$ cat my_file.cif   # mmCIF, C-alpha atoms, pLDDT in the B column; chains and numbers go by the auth columns
data_final
#
loop_
_atom_site.group_PDB
_atom_site.id
_atom_site.type_symbol
_atom_site.label_atom_id
_atom_site.label_comp_id
_atom_site.label_asym_id
_atom_site.label_seq_id
_atom_site.Cartn_x
_atom_site.Cartn_y
_atom_site.Cartn_z
_atom_site.B_iso_or_equiv
_atom_site.auth_seq_id
_atom_site.auth_asym_id
ATOM 1 C CA MET A 1 103.919 101.906 89.788 60.00 11 R
ATOM 2 C CA ARG A 2 106.793 103.740 91.408 66.00 12 R
ATOM 3 C CA LEU A 3 106.755 107.421 92.254 70.00 13 R
ATOM 4 C CA LYS A 4 109.466 109.651 93.667 73.00 14 R
ATOM 5 C CA LYS A 5 108.999 111.237 97.087 78.00 15 R
ATOM 6 C CA TRP A 6 108.927 114.767 95.685 78.00 16 R
ATOM 7 C CA MET A 7 106.240 113.802 93.126 81.00 17 R
ATOM 8 C CA ILE A 8 103.930 112.557 95.860 80.00 18 R
ATOM 9 C CA LEU A 9 104.568 115.693 97.912 83.00 19 R
ATOM 10 C CA VAL A 10 103.840 117.984 94.946 87.00 20 R
ATOM 11 C CA GLY A 11 100.567 116.122 94.352 87.00 21 R
ATOM 12 C CA TYR A 12 99.557 116.551 97.989 87.00 22 R
ATOM 13 C CA ILE A 13 100.422 120.262 97.884 90.00 23 R
ATOM 14 C CA CYS A 14 98.364 120.780 94.707 90.00 24 R
ATOM 15 C CA LEU A 15 95.372 119.081 96.344 88.00 25 R
ATOM 16 C CA PHE A 16 95.828 121.192 99.466 90.00 26 R
ATOM 17 C CA PHE A 17 95.844 124.459 97.537 91.00 27 R
ATOM 18 C CA SER A 18 92.942 123.461 95.285 89.00 28 R
ATOM 19 C CA PHE A 19 90.750 122.449 98.235 87.00 29 R
ATOM 20 C CA GLY A 20 91.770 125.608 100.094 89.00 30 R
ATOM 21 C CA TYR A 21 90.958 127.787 97.087 89.00 31 R
ATOM 22 C CA SER A 22 87.561 126.110 96.674 86.00 32 R
ATOM 23 C CA CYS A 23 86.842 126.675 100.362 85.00 33 R
ATOM 24 C CA TYR A 24 87.800 130.345 100.185 87.00 34 R
ATOM 25 C CA SER A 25 85.937 131.040 96.932 85.00 35 R
ATOM 26 C CA ILE A 26 82.695 129.516 98.237 82.00 36 R
ATOM 27 C CA LEU A 27 83.059 131.406 101.529 83.00 37 R
ATOM 28 C CA VAL A 28 83.527 134.747 99.743 84.00 38 R
ATOM 29 C CA ASP A 29 80.684 134.032 97.281 80.00 39 R
ATOM 30 C CA GLU A 30 78.064 135.103 99.871 73.00 40 R
ATOM 31 C CA SER A 31 75.417 132.820 98.420 74.00 41 R
ATOM 32 C CA GLY A 32 74.621 131.468 101.858 69.00 42 R
ATOM 33 C CA SER A 33 76.025 128.051 101.080 74.00 43 R
ATOM 34 C CA ASN A 34 77.722 126.100 103.841 77.00 44 R
ATOM 35 C CA PHE A 35 79.513 123.863 101.342 76.00 45 R
ATOM 36 C CA TRP A 36 82.766 125.699 102.121 80.00 46 R
ATOM 37 C CA VAL A 37 82.961 123.767 105.403 83.00 47 R
ATOM 38 C CA MET A 38 83.352 120.480 103.534 83.00 48 R
ATOM 39 C CA TRP A 39 86.124 121.917 101.345 83.00 49 R
ATOM 40 C CA GLY A 40 87.801 123.319 104.456 86.00 50 R
ATOM 41 C CA ILE A 41 87.731 119.935 106.170 88.00 51 R
ATOM 42 C CA ALA A 42 89.143 118.291 103.030 87.00 52 R
ATOM 43 C CA SER A 43 91.902 120.917 102.942 89.00 53 R
ATOM 44 C CA LEU A 44 92.758 120.278 106.594 90.00 54 R
ATOM 45 C CA VAL A 45 92.872 116.506 105.990 89.00 55 R
ATOM 46 C CA ILE A 46 95.251 116.965 103.050 89.00 56 R
ATOM 47 C CA GLY A 47 97.357 119.354 105.172 90.00 57 R
ATOM 48 C CA TYR A 48 97.574 116.691 107.861 89.00 58 R
ATOM 49 C CA GLN A 49 98.543 114.159 105.189 88.00 59 R
ATOM 50 C CA ILE A 50 101.375 116.447 104.021 86.00 60 R
ATOM 51 C CA ILE A 51 102.723 116.858 107.557 88.00 61 R
ATOM 52 C CA ASN A 52 102.398 113.124 108.223 86.00 62 R
ATOM 53 C CA PHE A 53 104.183 112.293 104.960 84.00 63 R
ATOM 54 C CA LEU A 54 107.049 114.672 105.773 83.00 64 R
ATOM 55 C CA VAL A 55 107.439 113.296 109.305 85.00 65 R
ATOM 56 C CA GLU A 56 107.419 109.651 108.176 80.00 66 R
ATOM 57 C CA LYS A 57 109.816 110.160 105.273 75.00 67 R
ATOM 58 C CA ARG A 58 112.170 112.733 106.810 73.00 68 R
ATOM 59 C CA ASN A 59 115.214 110.439 106.734 75.00 69 R
ATOM 60 C CA ASP A 60 114.740 109.380 103.102 72.00 70 R
ATOM 61 C CA LYS A 61 116.222 111.155 100.114 69.00 71 R
ATOM 62 C CA TRP A 62 113.965 113.248 97.889 64.00 72 R
ATOM 63 C CA ASN A 63 114.657 111.072 94.862 65.00 73 R
ATOM 64 C CA SER A 64 113.942 107.767 96.579 66.00 74 R
ATOM 65 C CA SER A 65 111.044 105.961 94.962 65.00 75 R
ATOM 66 C CA TYR A 66 108.102 104.210 96.554 63.00 76 R
ATOM 67 C CA VAL A 67 105.781 101.545 95.250 56.00 77 R
ATOM 68 C CA VAL A 68 102.443 103.315 95.124 62.00 78 R
ATOM 69 C CA ALA A 69 100.473 100.585 93.375 62.00 79 R
ATOM 70 C CA ASP A 70 101.255 97.264 91.788 63.00 80 R
ATOM 71 C CA GLN A 71 99.519 95.332 89.016 68.00 81 R
ATOM 72 C CA ARG A 72 96.980 93.669 91.338 70.00 82 R
ATOM 73 C CA ILE A 73 95.780 96.998 92.700 73.00 83 R
ATOM 74 C CA PHE A 74 95.425 98.417 89.181 74.00 84 R
ATOM 75 C CA ARG A 75 93.400 95.368 88.141 77.00 85 R
ATOM 76 C CA LYS A 76 91.061 95.774 91.119 78.00 86 R
ATOM 77 C CA ILE A 77 90.599 99.479 90.399 77.00 87 R
ATOM 78 C CA LEU A 78 89.934 98.861 86.696 80.00 88 R
ATOM 79 C CA VAL A 79 87.316 96.214 87.461 81.00 89 R
ATOM 80 C CA SER A 80 85.622 98.525 89.969 80.00 90 R
ATOM 81 C CA LEU A 81 85.712 101.447 87.535 80.00 91 R
ATOM 82 C CA SER A 82 84.214 99.361 84.741 83.00 92 R
ATOM 83 C CA ILE A 83 81.406 98.155 87.011 82.00 93 R
ATOM 84 C CA SER A 84 80.644 101.696 88.180 81.00 94 R
ATOM 85 C CA TYR A 85 80.847 102.988 84.583 83.00 95 R
ATOM 86 C CA VAL A 86 78.260 100.463 83.424 85.00 96 R
ATOM 87 C CA PHE A 87 76.119 101.336 86.445 82.00 97 R
ATOM 88 C CA ILE A 88 76.297 105.083 85.752 80.00 98 R
ATOM 89 C CA LEU A 89 75.355 104.527 82.100 83.00 99 R
ATOM 90 C CA ILE A 90 72.332 102.464 83.107 83.00 100 R
ATOM 91 C CA PHE A 91 71.360 105.037 85.745 80.00 101 R
ATOM 92 C CA LEU A 92 71.658 107.913 83.259 80.00 102 R
ATOM 93 C CA LEU A 93 69.669 105.993 80.640 84.00 103 R
ATOM 94 C CA ILE A 94 66.840 105.392 83.087 82.00 104 R
ATOM 95 C CA GLY A 95 67.129 109.003 84.285 80.00 105 R
ATOM 96 C CA THR A 96 66.974 110.346 80.727 81.00 106 R
ATOM 97 C CA ILE A 97 63.825 108.370 80.034 84.00 107 R
ATOM 98 C CA GLY A 98 62.341 109.695 83.281 80.00 108 R
ATOM 99 C CA PHE A 99 63.434 113.237 82.390 79.00 109 R
ATOM 100 C CA TYR A 100 61.717 113.154 79.002 81.00 110 R
ATOM 101 C CA ASN A 101 58.543 111.811 80.592 82.00 111 R
ATOM 102 C CA ASP A 102 58.684 114.527 83.319 78.00 112 R
ATOM 103 C CA PHE A 103 59.152 112.074 86.186 77.00 113 R
ATOM 104 C CA ILE A 104 62.380 113.577 87.545 74.00 114 R
ATOM 105 C CA SER A 105 64.469 116.746 87.120 72.00 115 R
ATOM 106 C CA GLY A 106 67.832 116.801 85.327 69.00 116 R
ATOM 107 C CA TYR A 107 69.826 117.948 88.351 70.00 117 R
ATOM 108 C CA ASN A 108 68.540 115.066 90.467 73.00 118 R
ATOM 109 C CA ILE A 109 69.543 112.612 87.750 75.00 119 R
ATOM 110 C CA LEU A 110 73.143 113.853 87.721 73.00 120 R
ATOM 111 C CA VAL A 111 73.508 113.959 91.500 75.00 121 R
ATOM 112 C CA GLY A 112 71.937 110.516 91.866 76.00 122 R
ATOM 113 C CA ALA A 113 74.150 109.051 89.146 76.00 123 R
ATOM 114 C CA ILE A 114 77.334 110.442 90.670 77.00 124 R
ATOM 115 C CA ILE A 115 76.534 109.413 94.238 80.00 125 R
ATOM 116 C CA SER A 116 75.289 105.954 93.298 81.00 126 R
ATOM 117 C CA SER A 117 78.261 105.237 91.004 79.00 127 R
ATOM 118 C CA LEU A 118 80.652 106.235 93.802 79.00 128 R
ATOM 119 C CA LEU A 119 78.816 103.889 96.155 83.00 129 R
ATOM 120 C CA VAL A 120 78.989 101.080 93.584 82.00 130 R
ATOM 121 C CA PHE A 121 82.734 101.733 93.158 80.00 131 R
ATOM 122 C CA MET A 122 83.344 101.589 96.923 81.00 132 R
ATOM 123 C CA ILE A 123 81.241 98.465 97.399 83.00 133 R
ATOM 124 C CA SER A 124 83.034 96.828 94.476 81.00 134 R
ATOM 125 C CA GLN A 125 86.415 97.620 96.045 78.00 135 R
ATOM 126 C CA ILE A 126 85.305 96.130 99.373 80.00 136 R
ATOM 127 C CA VAL A 127 83.926 92.986 97.745 80.00 137 R
ATOM 128 C CA GLN A 128 87.081 92.493 95.682 75.00 138 R
ATOM 129 C CA GLY A 129 89.153 92.865 98.843 72.00 139 R
ATOM 130 C CA PHE A 130 87.296 89.947 100.390 75.00 140 R
ATOM 131 C CA VAL A 131 87.307 87.811 97.232 71.00 141 R
ATOM 132 C CA HIS A 132 91.020 88.080 96.443 62.00 142 R
#

$ encode --input "my_file.cif" --output "structure tokens"
Amino acid sequence: MRLKKWMILVGYICLFFSFGYSCYSILVDESGSNFWVMWGIASLVIGYQIINFLVEKRNDKWNSSYVVADQRIFRKILVSLSISYVFILIFLLIGTIGFYNDFISGYNILVGAIISSLLVFMISQIVQGFVH
């Protein structure tokens, strides 16, 4: 897949503003949550990525295109997503059975399913990197 330089920059800027807005809205909420720190760190990382991207590509034209991902990378991501999708369905099925039998709360099921499926996705990406 090829993307233009300005398209990548616009995507980075949208992520920067969305993370910054989330950080600010949680900070102003006054609920006592410290979750705004994580959004602030994510916003700073994306800001650094924007500056780094502009410094590295300063001599290129705005319409020059870059190969962001090729067919092999898409195949690896699709395999990892399908494995994590099956895992999250199994986790939610077991969690739903536990929820109806009053073994676990609904919020813990969702958080556990999201975190564990992300871990399965990352482990699947690492394993596929070693296999191929």

$ resolve_selection --input "my_file.cif" --expression "the PyMOL selection byres ((chain R and resi 26) around 9)" --output "list in words"
Gly21, Tyr22, Ile23, Cys24, Leu25, Phe27, Ser28, Phe29, Gly30, Tyr31, Ala52, Ser53, Leu54, Val55, Ile56, Gly57 and Ile60 of chain R

$ resolve_selection --input "my_file.cif" --expression "the PyMOL selection byres ((chain R and resi 122) around 12)" --output "number ranges by chain"
R: 97-102, 104-105, 114-121, 123-130

$ closest_residue --input "my_file.cif" --among "R:Tyr95, R:Trp49, R:Phe63, R:Phe131" --to "R:Ser35" --atoms "only C-alpha atoms"
R:Trp49

$ residues_around --input "my_file.cif" --residues "R:Asn44" --least-positions-apart "6" --cutoff "10 Å" --atoms "all atoms listed in the file" --output "VMD selection string"
chain R and resid 33 36 to 37

$ atom_distance --input "my_file.cif" --atom1 "atom CA of R:Gly139" --atom2 "atom CA of R:Ile93"
15.1 Å

$ closest_residue --input "my_file.cif" --among "R:Val141, R:Leu19, R:Met132, R:Ile87" --to "R:Leu64" --atoms "all atoms listed in the file"
R:Leu19

$ atom_distance --input "my_file.cif" --atom1 "atom CA of R:Lys15" --atom2 "atom CA of R:Gly50"
25.5 Å

$ closest_residue --input "my_file.cif" --among "R:Ser134, R:Ser43, R:Thr106, R:Asn62" --to "R:Lys86" --atoms "all atoms listed in the file"
R:Ser134

$ atom_distance --input "my_file.cif" --atom1 "atom CA of R:Ile51" --atom2 "atom CA of R:Asp39"
18.1 Å
